[in-house]
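Colleague: Before I ask anything, let me first share the structure, which is written out below as structure tokens.
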Amino acid sequence: MTDFARTRAAFHLPAGVTYLDGNSLGPMPLAAAARVQRMMAAEWGDMLIGGWNGAGWYDQPRRTGDRIARLIGAGAGEVVMGDTLSIKVFQALSAALALRPGRRVILTDSGNFPSDIYVAQGLGDALDAQVRVVEPLALAGALTDDVAVLMVTEVDYRSGYRHDMAELTRRAHAAGALTIWDLAHSAGAVDTDVTAAGADFAVGCTYKYLNGGPGAPAFIRVAPHLADQARPILQGWMGHRLPFAFEQDYHAAPGIERMRVGTPPILALAALDAALDIWDEVDMAALRARSIELTGAFIGAVESACPGLELVTPRDPARRGSQVSFRHPQAYAVMQALIAQGVIGDFRAPDVLRFGFAPLYNTLDDVHRAAQVLGQILAGKSWDRPAFHARAQVT
Ligand SMILES: *Cc1c(COP(=O)(O)O)cnc(C)c1O
């Protein structure tokens, strides 16, 4: 059994704050500061360039990748860290298109995160491929024989809808297409199993539910049967089979190493490594059960405290990620009023109140406090103040 009181104690959670925005930025693990400090002093400070071999910096993207692999149902040696998620989306998409040369369509859905769609559009312009965007529930029916790759974010960042990864992958393969699964709102949130689902490519970030800190590196996983064929396209020296031979021509490294591009962010990987220590104690089935308990309790508590608020997230736990969203015409102002009272969730345009539940540190107390404060704000219309309507430049 996973002891969620113990995992909660591993985080710095500011007093008076009910934090329900870990799906944008996870809180700081208490061990992160000391880990980064130690790395700075003992490794960068004292070892200088010798740290690449002496402290294992060079292999760090693979070692950290192996720790993430367990959390997404991948095997050791299948995941590597680096860059940002948008860049990993670019690599996966371009590699998938190259593996299906006769097909020119990238299929995705309108619930996908804009960055993934922007990357696809840029790549489509450059490679003469077409991006086809359909409604989330229309994906399976849109798998025509010109589709090279189906690109889906497993859990919709706005609605919290969880796609059926195994079924959609099966349908895509039957239609001759490859699949890319974006796990930005899955890794550390739900019991994703890329192996069981037969996913071809998977990508994700580590600063949301994995708590690696702002700008923490992304990950990419390629299914073993494709790892030696997939061309990274963004070919950098760290993905070369012999980076230190400084050969003039590129030859991809075997396996997942070829998805490395340039010098890895060692300071950021140190913070992430401290965050991943907490995950070593976590059973993913227990995590999923706890997530369903928290999100289910929140739906019930809000519906009794706030009659009339429209639930956006699926009621069926099988179709729900680890967040709950409600629609309100003044969602922005309502969220500002919540934040003013220490309940931090998120607003997603145009009218969504989004609350992320991270089993590692959120509790039923958080569920009830957030629902109660939301109920008071709506009943008293206390969101209707000029200060709560003023929009900041960056939110
Ligand atoms: C958070 C998120 C991103 C962000 O990409 P970055 O390159 O890390 O900024 C991309 N895609 C999805 C689906 C996300 O949820």
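Naming works like this for the structure tokens: A, B, ... for the chains as they're shown, residue 1 at the start of each chain, ligands 1 onward in shown order.
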Could you give me the residues within 9 Å of ligand 1, counting only C-alpha atoms and all ligand atoms, as a compact mmCIF listing (two decimals) with C-alpha atoms, in the first residue's frame?
Modeller:
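As written to disk, out25.txt reads:
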```
# COMPACT_ATOMS: atom_id res chain seq x y z
CA ASN A 23 -1.40 19.89 -13.21
CA SER A 24 0.20 23.17 -14.30
CA ASP A 83 14.40 19.50 -24.17
CA THR A 84 10.79 20.54 -23.68
CA LEU A 85 7.59 18.70 -24.47
CA SER A 86 6.91 20.78 -27.59
CA ILE A 87 10.28 19.67 -28.99
CA LYS A 88 9.58 16.03 -28.16
CA VAL A 89 6.22 16.35 -29.95
CA ASN A 112 -5.49 18.76 -27.71
CA PHE A 113 -3.17 21.32 -26.16
CA PRO A 114 -2.47 24.19 -28.57
CA SER A 115 1.31 23.72 -28.56
CA ASP A 116 0.96 20.17 -29.92
CA ILE A 117 -1.29 21.42 -32.71
CA VAL A 152 -3.67 12.44 -28.95
CA THR A 153 -3.18 13.85 -25.48
CA GLU A 154 -4.51 11.03 -23.32
CA VAL A 155 -6.13 13.35 -20.77
CA ASP A 156 -7.65 16.54 -22.18
CA TYR A 157 -6.08 19.50 -20.35
CA ASP A 182 1.02 12.94 -25.11
CA LEU A 183 1.13 12.07 -21.42
CA ALA A 184 1.43 15.63 -20.05
CA HIS A 185 -1.69 15.12 -17.91
CA VAL A 203 5.93 12.07 -24.84
CA GLY A 204 5.34 14.12 -21.72
CA CYS A 205 6.58 16.82 -19.39
CA THR A 206 7.80 16.47 -15.81
CA TYR A 207 6.84 19.78 -14.18
CA LYS A 208 3.13 18.94 -13.79
CA GLY A 215 11.11 24.07 -16.99
CA ALA A 216 11.97 20.51 -15.94
CA PRO A 217 12.97 18.42 -18.98
CA ALA A 218 10.53 16.43 -21.08
```
Colleague: If DSSP is run on the backbone, what residues of region 221-359 of chain A are strand (DSSP E or B)? A reply as a PyMOL selection string would be ideal.
Modeller: chain A and resi 221-222+240+252+310-311+320+323-327+343-344+346-348+352-356
Colleague: I'd like the neighbourhood of Gly22 (chain A) as a PyMOL selection string, where a residue qualifies if any of its atoms comes within 9 Å (using only C-alpha atoms), though same-chain residues fewer than 3 positions away should be ignored.
Modeller: chain A and resi 19+25-27+207-211+345+355-358
Colleague: Can you pull out the residues contacting Ala223 (chain A)? Cut-off 7 Å, using only C-alpha atoms, and skip same-chain residues under 4 positions away; I want them as an mmCIF file with N, CA and C atoms, in the first residue's frame.
Modeller:
```cif
data_model
loop_
_atom_site.group_PDB
_atom_site.id
_atom_site.type_symbol
_atom_site.label_atom_id
_atom_site.label_comp_id
_atom_site.auth_asym_id
_atom_site.auth_seq_id
_atom_site.Cartn_x
_atom_site.Cartn_y
_atom_site.Cartn_z
ATOM 1 N N GLU A 78 13.735 2.433 -22.568
ATOM 2 C CA GLU A 78 12.802 2.889 -23.610
ATOM 3 C C GLU A 78 12.527 4.390 -23.565
ATOM 4 N N ALA A 199 1.178 1.573 -27.646
ATOM 5 C CA ALA A 199 1.502 2.909 -28.162
ATOM 6 C C ALA A 199 2.848 2.883 -28.892
ATOM 7 N N ASP A 200 2.954 3.637 -29.995
ATOM 8 C CA ASP A 200 4.210 3.683 -30.741
ATOM 9 C C ASP A 200 5.167 4.714 -30.146
ATOM 10 N N PHE A 201 4.667 5.941 -29.975
ATOM 11 C CA PHE A 201 5.475 7.003 -29.373
ATOM 12 C C PHE A 201 4.704 7.552 -28.173
ATOM 13 N N ALA A 227 12.336 1.614 -32.183
ATOM 14 C CA ALA A 227 13.377 2.503 -31.663
ATOM 15 C C ALA A 227 14.615 2.565 -32.555
#
```
Colleague: List as a list in words the protein and nucleic acid residues near Thr108 (chain A), meaning an atom at most 10 Å away when only C-alpha atoms are counted, but skip any in the same chain fewer than 5 places from it.
Modeller: Asp116, Ile117, Ala120, Val131, Arg132, Val133, Val134, Glu135, Pro136, Ala138, Leu139, Ala142, Val149, Leu150, Met151, Val152, Thr153 and Ile180 of chain A
Colleague: Neighbours of Trp52 (chain A) within 12 Å (only C-alpha atoms; same-chain residues fewer than 5 positions away dropped), as a list in words?
Modeller: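 Non-adjacent residues within range: Glu43, Trp44, Met47, Trp57, Tyr58, Asp59, Gln60, Pro61, Thr263, Pro264, Pro265 and Ile266 of chain A.
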Colleague: Those same residues - N, CA, C and O atoms - I'd like them written as a PDB file, in the first residue's frame.
Modeller:
```pdb
ATOM      1  N   GLU A  43      29.628  18.500  -7.453  1.00  0.00           N
ATOM      2  CA  GLU A  43      29.833  18.057  -8.832  1.00  0.00           C
ATOM      3  C   GLU A  43      30.316  19.216  -9.726  1.00  0.00           C
ATOM      4  O   GLU A  43      31.480  19.265 -10.105  1.00  0.00           O
ATOM      5  N   TRP A  44      29.429  20.159  -9.989  1.00  0.00           N
ATOM      6  CA  TRP A  44      29.834  21.273 -10.847  1.00  0.00           C
ATOM      7  C   TRP A  44      31.021  22.015 -10.209  1.00  0.00           C
ATOM      8  O   TRP A  44      32.042  22.269 -10.854  1.00  0.00           O
ATOM      9  N   MET A  47      34.123  19.117  -9.459  1.00  0.00           N
ATOM     10  CA  MET A  47      34.557  18.202 -10.521  1.00  0.00           C
ATOM     11  C   MET A  47      34.725  18.892 -11.870  1.00  0.00           C
ATOM     12  O   MET A  47      35.366  18.358 -12.764  1.00  0.00           O
ATOM     13  N   TRP A  57      26.899  12.600 -15.415  1.00  0.00           N
ATOM     14  CA  TRP A  57      25.974  13.536 -16.075  1.00  0.00           C
ATOM     15  C   TRP A  57      25.588  13.039 -17.467  1.00  0.00           C
ATOM     16  O   TRP A  57      24.456  13.198 -17.900  1.00  0.00           O
ATOM     17  N   TYR A  58      26.568  12.469 -18.157  1.00  0.00           N
ATOM     18  CA  TYR A  58      26.291  12.095 -19.548  1.00  0.00           C
ATOM     19  C   TYR A  58      25.133  11.094 -19.643  1.00  0.00           C
ATOM     20  O   TYR A  58      24.292  11.185 -20.540  1.00  0.00           O
ATOM     21  N   ASP A  59      25.104  10.143 -18.713  1.00  0.00           N
ATOM     22  CA  ASP A  59      24.069   9.099 -18.768  1.00  0.00           C
ATOM     23  C   ASP A  59      22.781   9.476 -18.038  1.00  0.00           C
ATOM     24  O   ASP A  59      21.825   8.709 -18.029  1.00  0.00           O
ATOM     25  N   GLN A  60      22.772  10.654 -17.429  1.00  0.00           N
ATOM     26  CA  GLN A  60      21.624  11.032 -16.602  1.00  0.00           C
ATOM     27  C   GLN A  60      20.291  11.005 -17.372  1.00  0.00           C
ATOM     28  O   GLN A  60      19.280  10.533 -16.826  1.00  0.00           O
ATOM     29  N   PRO A  61      20.232  11.454 -18.618  1.00  0.00           N
ATOM     30  CA  PRO A  61      18.928  11.424 -19.323  1.00  0.00           C
ATOM     31  C   PRO A  61      18.353  10.019 -19.449  1.00  0.00           C
ATOM     32  O   PRO A  61      17.136   9.838 -19.423  1.00  0.00           O
ATOM     33  N   THR A 263      23.178  19.093 -25.243  1.00  0.00           N
ATOM     34  CA  THR A 263      23.610  18.953 -23.856  1.00  0.00           C
ATOM     35  C   THR A 263      22.419  18.947 -22.890  1.00  0.00           C
ATOM     36  O   THR A 263      21.594  19.859 -22.928  1.00  0.00           O
ATOM     37  N   PRO A 264      22.319  17.932 -22.060  1.00  0.00           N
ATOM     38  CA  PRO A 264      21.150  17.845 -21.170  1.00  0.00           C
ATOM     39  C   PRO A 264      21.225  18.852 -20.005  1.00  0.00           C
ATOM     40  O   PRO A 264      22.314  19.235 -19.584  1.00  0.00           O
ATOM     41  N   PRO A 265      20.067  19.267 -19.478  1.00  0.00           N
ATOM     42  CA  PRO A 265      20.013  20.241 -18.377  1.00  0.00           C
ATOM     43  C   PRO A 265      20.274  19.545 -17.038  1.00  0.00           C
ATOM     44  O   PRO A 265      19.337  19.118 -16.361  1.00  0.00           O
ATOM     45  N   ILE A 266      21.533  19.455 -16.665  1.00  0.00           N
ATOM     46  CA  ILE A 266      21.906  18.651 -15.492  1.00  0.00           C
ATOM     47  C   ILE A 266      21.360  19.221 -14.177  1.00  0.00           C
ATOM     48  O   ILE A 266      20.933  18.465 -13.296  1.00  0.00           O
TER      49      ILE A 266
END
```
Colleague: List the neighbours of Arg158 (chain A) out to 8 Å using only C-alpha atoms; skip same-chain residues closer than 3 positions along the sequence, and give me the result as a PDB file with C-alpha atoms, in the first residue's frame.
Modeller:
```pdb
ATOM      1  CA  GLY A 111      -9.235  19.074 -27.215  1.00  0.00           C
ATOM      2  CA  SER A 325     -13.559  21.118 -14.522  1.00  0.00           C
ATOM      3  CA  ARG A 348      -8.932  27.868 -18.940  1.00  0.00           C
ATOM      4  CA  VAL A 352     -13.601  26.714 -17.464  1.00  0.00           C
ATOM      5  CA  ARG A 354     -10.117  23.647 -13.554  1.00  0.00           C
TER       6      ARG A 354
END
```
Colleague: In Å to one decimal, how far is CA of Asp3 (chain A) from CA of Pro29 (chain A)?
Modeller: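 So the answer is 16.2 Å.
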Colleague: Could you check how far CA of Ala55 (chain A) sits from CA of Ala274 (chain A), in Å to one decimal?
Modeller: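 Computed distance, CA of Ala55 (chain A) to CA of Ala274 (chain A), equals 15.8 Å.
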Colleague: What residues in region 99-237 of chain A get the DSSP label helix (DSSP H, G or I)? Please answer as a short mmCIF file (atom, residue, chain, number, x, y, z; two decimals) with all heavy atoms, in the first residue's frame.
Modeller:
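As a result, selection_28.cif now contains:
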```
data_model
loop_
_atom_site.label_atom_id
_atom_site.label_comp_id
_atom_site.auth_asym_id
_atom_site.auth_seq_id
_atom_site.Cartn_x
_atom_site.Cartn_y
_atom_site.Cartn_z
N LEU A 99 8.15 7.37 -41.04
CA LEU A 99 7.89 5.92 -41.04
C LEU A 99 6.66 5.54 -41.88
O LEU A 99 6.39 4.36 -42.09
CB LEU A 99 7.70 5.42 -39.60
CG LEU A 99 8.97 5.33 -38.74
CD1 LEU A 99 8.62 5.16 -37.27
CD2 LEU A 99 9.87 4.19 -39.21
N PRO A 114 -2.86 23.43 -27.39
CA PRO A 114 -2.47 24.19 -28.57
C PRO A 114 -1.04 23.96 -29.04
O PRO A 114 -0.79 23.85 -30.23
CB PRO A 114 -2.69 25.65 -28.13
CG PRO A 114 -3.79 25.56 -27.12
CD PRO A 114 -3.57 24.26 -26.40
N SER A 115 -0.09 23.86 -28.12
CA SER A 115 1.31 23.72 -28.56
C SER A 115 1.48 22.50 -29.45
O SER A 115 2.20 22.54 -30.46
CB SER A 115 2.25 23.65 -27.36
OG SER A 115 3.57 23.94 -27.74
N ASP A 116 0.83 21.39 -29.11
CA ASP A 116 0.96 20.17 -29.92
C ASP A 116 0.42 20.42 -31.33
O ASP A 116 1.00 19.97 -32.33
CB ASP A 116 0.18 19.01 -29.28
CG ASP A 116 0.74 18.63 -27.91
OD1 ASP A 116 1.13 19.54 -27.15
OD2 ASP A 116 0.78 17.42 -27.59
N ILE A 117 -0.68 21.15 -31.40
CA ILE A 117 -1.29 21.42 -32.71
C ILE A 117 -0.42 22.41 -33.50
O ILE A 117 -0.21 22.24 -34.70
CB ILE A 117 -2.74 21.94 -32.54
CG1 ILE A 117 -3.58 20.86 -31.83
CG2 ILE A 117 -3.36 22.30 -33.89
CD1 ILE A 117 -5.02 21.25 -31.57
N TYR A 118 0.13 23.43 -32.80
CA TYR A 118 1.00 24.39 -33.50
C TYR A 118 2.21 23.68 -34.10
O TYR A 118 2.62 23.95 -35.22
CB TYR A 118 1.50 25.48 -32.54
CG TYR A 118 0.44 26.31 -31.86
CD1 TYR A 118 0.73 27.00 -30.68
CD2 TYR A 118 -0.85 26.43 -32.38
CE1 TYR A 118 -0.22 27.77 -30.04
CE2 TYR A 118 -1.80 27.21 -31.75
CZ TYR A 118 -1.49 27.87 -30.57
OH TYR A 118 -2.42 28.63 -29.93
N VAL A 119 2.82 22.78 -33.31
CA VAL A 119 3.99 22.05 -33.80
C VAL A 119 3.60 21.24 -35.03
O VAL A 119 4.32 21.23 -36.04
CB VAL A 119 4.56 21.13 -32.69
CG1 VAL A 119 5.57 20.14 -33.26
CG2 VAL A 119 5.22 21.95 -31.59
N ALA A 120 2.45 20.59 -34.97
CA ALA A 120 1.99 19.79 -36.11
C ALA A 120 1.76 20.67 -37.33
O ALA A 120 2.12 20.31 -38.46
CB ALA A 120 0.71 19.04 -35.74
N GLN A 121 1.19 21.86 -37.12
CA GLN A 121 0.92 22.76 -38.25
C GLN A 121 2.22 23.23 -38.90
O GLN A 121 2.34 23.28 -40.12
CB GLN A 121 0.08 23.96 -37.79
CG GLN A 121 -1.37 23.56 -37.49
CD GLN A 121 -2.16 24.66 -36.77
OE1 GLN A 121 -1.58 25.57 -36.18
NE2 GLN A 121 -3.48 24.57 -36.80
N GLY A 122 3.22 23.56 -38.07
CA GLY A 122 4.51 24.01 -38.61
C GLY A 122 5.17 22.90 -39.40
O GLY A 122 5.70 23.11 -40.50
N LEU A 123 5.13 21.73 -38.83
CA LEU A 123 5.74 20.57 -39.50
C LEU A 123 4.98 20.23 -40.78
O LEU A 123 5.57 19.90 -41.81
CB LEU A 123 5.70 19.40 -38.52
CG LEU A 123 6.69 18.27 -38.70
CD1 LEU A 123 8.11 18.78 -38.69
CD2 LEU A 123 6.48 17.25 -37.60
N GLY A 124 3.66 20.33 -40.69
CA GLY A 124 2.84 20.07 -41.87
C GLY A 124 3.20 21.03 -43.01
O GLY A 124 3.35 20.60 -44.16
N ASP A 125 3.38 22.32 -42.68
CA ASP A 125 3.76 23.29 -43.71
C ASP A 125 5.11 22.94 -44.32
O ASP A 125 5.29 23.02 -45.53
CB ASP A 125 3.84 24.71 -43.10
CG ASP A 125 2.46 25.26 -42.75
OD1 ASP A 125 1.46 24.66 -43.21
OD2 ASP A 125 2.39 26.27 -42.03
N ALA A 126 6.04 22.53 -43.45
CA ALA A 126 7.40 22.26 -43.94
C ALA A 126 7.46 20.97 -44.75
O ALA A 126 8.26 20.87 -45.68
CB ALA A 126 8.37 22.19 -42.76
N LEU A 127 6.66 19.99 -44.39
CA LEU A 127 6.77 18.67 -45.01
C LEU A 127 5.60 18.34 -45.93
O LEU A 127 5.46 17.22 -46.38
CB LEU A 127 6.86 17.58 -43.93
CG LEU A 127 8.04 17.66 -42.97
CD1 LEU A 127 8.00 16.51 -41.98
CD2 LEU A 127 9.36 17.62 -43.75
N PRO A 136 -13.07 15.52 -30.16
CA PRO A 136 -12.43 14.42 -29.43
C PRO A 136 -13.09 13.05 -29.65
O PRO A 136 -12.39 12.05 -29.81
CB PRO A 136 -12.54 14.86 -27.96
CG PRO A 136 -12.59 16.36 -28.02
CD PRO A 136 -13.29 16.71 -29.30
N LEU A 137 -14.41 13.01 -29.70
CA LEU A 137 -15.06 11.70 -29.83
C LEU A 137 -15.15 11.22 -31.27
O LEU A 137 -15.64 10.12 -31.54
CB LEU A 137 -16.46 11.75 -29.20
CG LEU A 137 -16.45 12.01 -27.69
CD1 LEU A 137 -17.86 12.04 -27.12
CD2 LEU A 137 -15.61 10.97 -26.94
N ALA A 138 -14.64 12.04 -32.21
CA ALA A 138 -14.71 11.66 -33.63
C ALA A 138 -13.40 11.06 -34.14
O ALA A 138 -13.29 10.74 -35.33
CB ALA A 138 -15.09 12.89 -34.46
N ALA A 140 -11.81 8.13 -33.73
CA ALA A 140 -11.81 6.76 -34.26
C ALA A 140 -12.42 6.73 -35.66
O ALA A 140 -11.89 6.06 -36.56
CB ALA A 140 -12.57 5.83 -33.33
N GLY A 141 -13.48 7.51 -35.87
CA GLY A 141 -14.16 7.52 -37.16
C GLY A 141 -13.39 8.26 -38.24
O GLY A 141 -13.75 8.19 -39.42
N ALA A 142 -12.36 9.00 -37.85
CA ALA A 142 -11.61 9.81 -38.83
C ALA A 142 -10.32 9.13 -39.28
O ALA A 142 -9.49 9.74 -39.96
CB ALA A 142 -11.31 11.18 -38.23
N MET A 165 -6.79 4.75 -24.55
CA MET A 165 -5.53 4.63 -25.30
C MET A 165 -5.43 3.29 -26.02
O MET A 165 -5.03 3.23 -27.20
CB MET A 165 -4.35 4.79 -24.33
CG MET A 165 -3.00 4.73 -25.03
SD MET A 165 -1.59 4.77 -23.89
CE MET A 165 -1.59 6.45 -23.42
N ALA A 166 -5.80 2.20 -25.35
CA ALA A 166 -5.67 0.88 -25.97
C ALA A 166 -6.59 0.75 -27.19
O ALA A 166 -6.17 0.28 -28.26
CB ALA A 166 -5.97 -0.21 -24.95
N GLU A 167 -7.83 1.21 -27.04
CA GLU A 167 -8.79 1.06 -28.13
C GLU A 167 -8.44 1.95 -29.32
O GLU A 167 -8.47 1.50 -30.47
CB GLU A 167 -10.21 1.39 -27.60
CG GLU A 167 -11.31 1.41 -28.63
CD GLU A 167 -11.53 0.07 -29.36
OE1 GLU A 167 -10.97 -0.94 -28.92
OE2 GLU A 167 -12.26 0.09 -30.37
N LEU A 168 -8.09 3.21 -29.06
CA LEU A 168 -7.74 4.11 -30.17
C LEU A 168 -6.47 3.65 -30.87
O LEU A 168 -6.34 3.78 -32.09
CB LEU A 168 -7.57 5.54 -29.66
CG LEU A 168 -8.83 6.41 -29.66
CD1 LEU A 168 -8.51 7.79 -29.08
CD2 LEU A 168 -9.40 6.57 -31.07
N THR A 169 -5.53 3.11 -30.10
CA THR A 169 -4.30 2.62 -30.71
C THR A 169 -4.60 1.42 -31.60
O THR A 169 -4.09 1.30 -32.71
CB THR A 169 -3.28 2.25 -29.61
OG1 THR A 169 -3.00 3.42 -28.84
CG2 THR A 169 -1.98 1.72 -30.20
N ARG A 170 -5.46 0.54 -31.11
CA ARG A 170 -5.85 -0.64 -31.90
C ARG A 170 -6.51 -0.19 -33.21
O ARG A 170 -6.18 -0.69 -34.29
CB ARG A 170 -6.83 -1.49 -31.07
CG ARG A 170 -7.09 -2.89 -31.62
CD ARG A 170 -8.17 -3.61 -30.83
NE ARG A 170 -9.47 -2.96 -30.90
CZ ARG A 170 -10.25 -2.95 -31.99
NH1 ARG A 170 -9.87 -3.56 -33.09
NH2 ARG A 170 -11.41 -2.32 -31.97
N ARG A 171 -7.39 0.79 -33.11
CA ARG A 171 -8.08 1.28 -34.31
C ARG A 171 -7.09 1.95 -35.27
O ARG A 171 -7.19 1.79 -36.49
CB ARG A 171 -9.18 2.29 -33.93
CG ARG A 171 -10.26 1.73 -33.02
CD ARG A 171 -11.34 0.98 -33.79
NE ARG A 171 -12.16 1.88 -34.60
CZ ARG A 171 -13.38 2.31 -34.26
NH1 ARG A 171 -13.92 1.91 -33.13
NH2 ARG A 171 -14.06 3.11 -35.05
N ALA A 172 -6.15 2.71 -34.72
CA ALA A 172 -5.16 3.38 -35.57
C ALA A 172 -4.31 2.35 -36.30
O ALA A 172 -4.08 2.46 -37.51
CB ALA A 172 -4.28 4.30 -34.72
N HIS A 173 -3.86 1.32 -35.58
CA HIS A 173 -3.03 0.30 -36.21
C HIS A 173 -3.81 -0.45 -37.29
O HIS A 173 -3.27 -0.77 -38.35
CB HIS A 173 -2.49 -0.66 -35.15
CG HIS A 173 -1.43 -0.04 -34.28
ND1 HIS A 173 -0.95 -0.62 -33.13
CD2 HIS A 173 -0.75 1.14 -34.41
CE1 HIS A 173 -0.03 0.18 -32.59
NE2 HIS A 173 0.10 1.24 -33.34
N ALA A 174 -5.08 -0.71 -37.00
CA ALA A 174 -5.90 -1.40 -38.01
C ALA A 174 -6.02 -0.56 -39.28
O ALA A 174 -6.13 -1.11 -40.38
CB ALA A 174 -7.29 -1.69 -37.43
N VAL A 194 1.74 2.25 -21.51
CA VAL A 194 2.00 2.38 -22.95
C VAL A 194 2.29 1.02 -23.59
O VAL A 194 1.99 0.81 -24.77
CB VAL A 194 3.15 3.37 -23.25
CG1 VAL A 194 2.74 4.80 -22.90
CG2 VAL A 194 4.44 2.99 -22.54
N THR A 195 2.85 0.09 -22.83
CA THR A 195 3.16 -1.23 -23.38
C THR A 195 1.87 -2.00 -23.64
O THR A 195 1.65 -2.53 -24.73
CB THR A 195 4.07 -2.01 -22.41
OG1 THR A 195 5.25 -1.23 -22.18
CG2 THR A 195 4.46 -3.35 -23.00
N ALA A 196 1.01 -2.06 -22.64
CA ALA A 196 -0.25 -2.80 -22.79
C ALA A 196 -1.09 -2.20 -23.91
O ALA A 196 -1.77 -2.92 -24.63
CB ALA A 196 -1.03 -2.78 -21.47
N ALA A 197 -1.05 -0.87 -24.06
CA ALA A 197 -1.86 -0.22 -25.09
C ALA A 197 -1.25 -0.33 -26.48
O ALA A 197 -1.92 -0.05 -27.47
CB ALA A 197 -2.05 1.26 -24.73
N PRO A 224 9.92 -0.39 -28.44
CA PRO A 224 11.18 -1.06 -28.79
C PRO A 224 11.26 -1.50 -30.26
O PRO A 224 12.32 -1.37 -30.87
CB PRO A 224 11.21 -2.26 -27.84
CG PRO A 224 10.36 -1.86 -26.69
CD PRO A 224 9.31 -0.94 -27.24
N HIS A 225 10.16 -1.94 -30.85
CA HIS A 225 10.26 -2.43 -32.23
C HIS A 225 10.47 -1.31 -33.24
O HIS A 225 10.80 -1.57 -34.38
CB HIS A 225 9.02 -3.28 -32.59
CG HIS A 225 7.78 -2.48 -32.79
ND1 HIS A 225 7.03 -1.99 -31.73
CD2 HIS A 225 7.14 -2.06 -33.91
CE1 HIS A 225 6.00 -1.32 -32.20
NE2 HIS A 225 6.03 -1.34 -33.51
N LEU A 226 10.29 -0.05 -32.80
CA LEU A 226 10.51 1.08 -33.71
C LEU A 226 11.77 1.88 -33.36
O LEU A 226 12.20 2.74 -34.14
CB LEU A 226 9.31 2.05 -33.65
CG LEU A 226 7.98 1.53 -34.19
CD1 LEU A 226 6.89 2.56 -33.93
CD2 LEU A 226 8.09 1.24 -35.68
N ALA A 227 12.34 1.61 -32.18
CA ALA A 227 13.38 2.50 -31.66
C ALA A 227 14.62 2.56 -32.56
O ALA A 227 15.29 3.60 -32.61
CB ALA A 227 13.76 2.08 -30.24
N TRP A 237 24.25 16.18 -31.75
CA TRP A 237 25.45 15.35 -31.49
C TRP A 237 25.25 14.34 -30.37
O TRP A 237 25.84 13.27 -30.38
CB TRP A 237 26.68 16.22 -31.27
CG TRP A 237 26.72 17.02 -29.98
CD1 TRP A 237 25.78 17.89 -29.52
CD2 TRP A 237 27.78 17.01 -29.02
NE1 TRP A 237 26.18 18.43 -28.33
CE2 TRP A 237 27.42 17.92 -28.00
CE3 TRP A 237 29.01 16.35 -28.92
CZ2 TRP A 237 28.22 18.16 -26.89
CZ3 TRP A 237 29.82 16.60 -27.82
CH2 TRP A 237 29.41 17.49 -26.82
#
```
Colleague: By how many Å are CA of Ile106 (chain A) and CA of Ile233 (chain A) apart?
Modeller: 16.7 Å
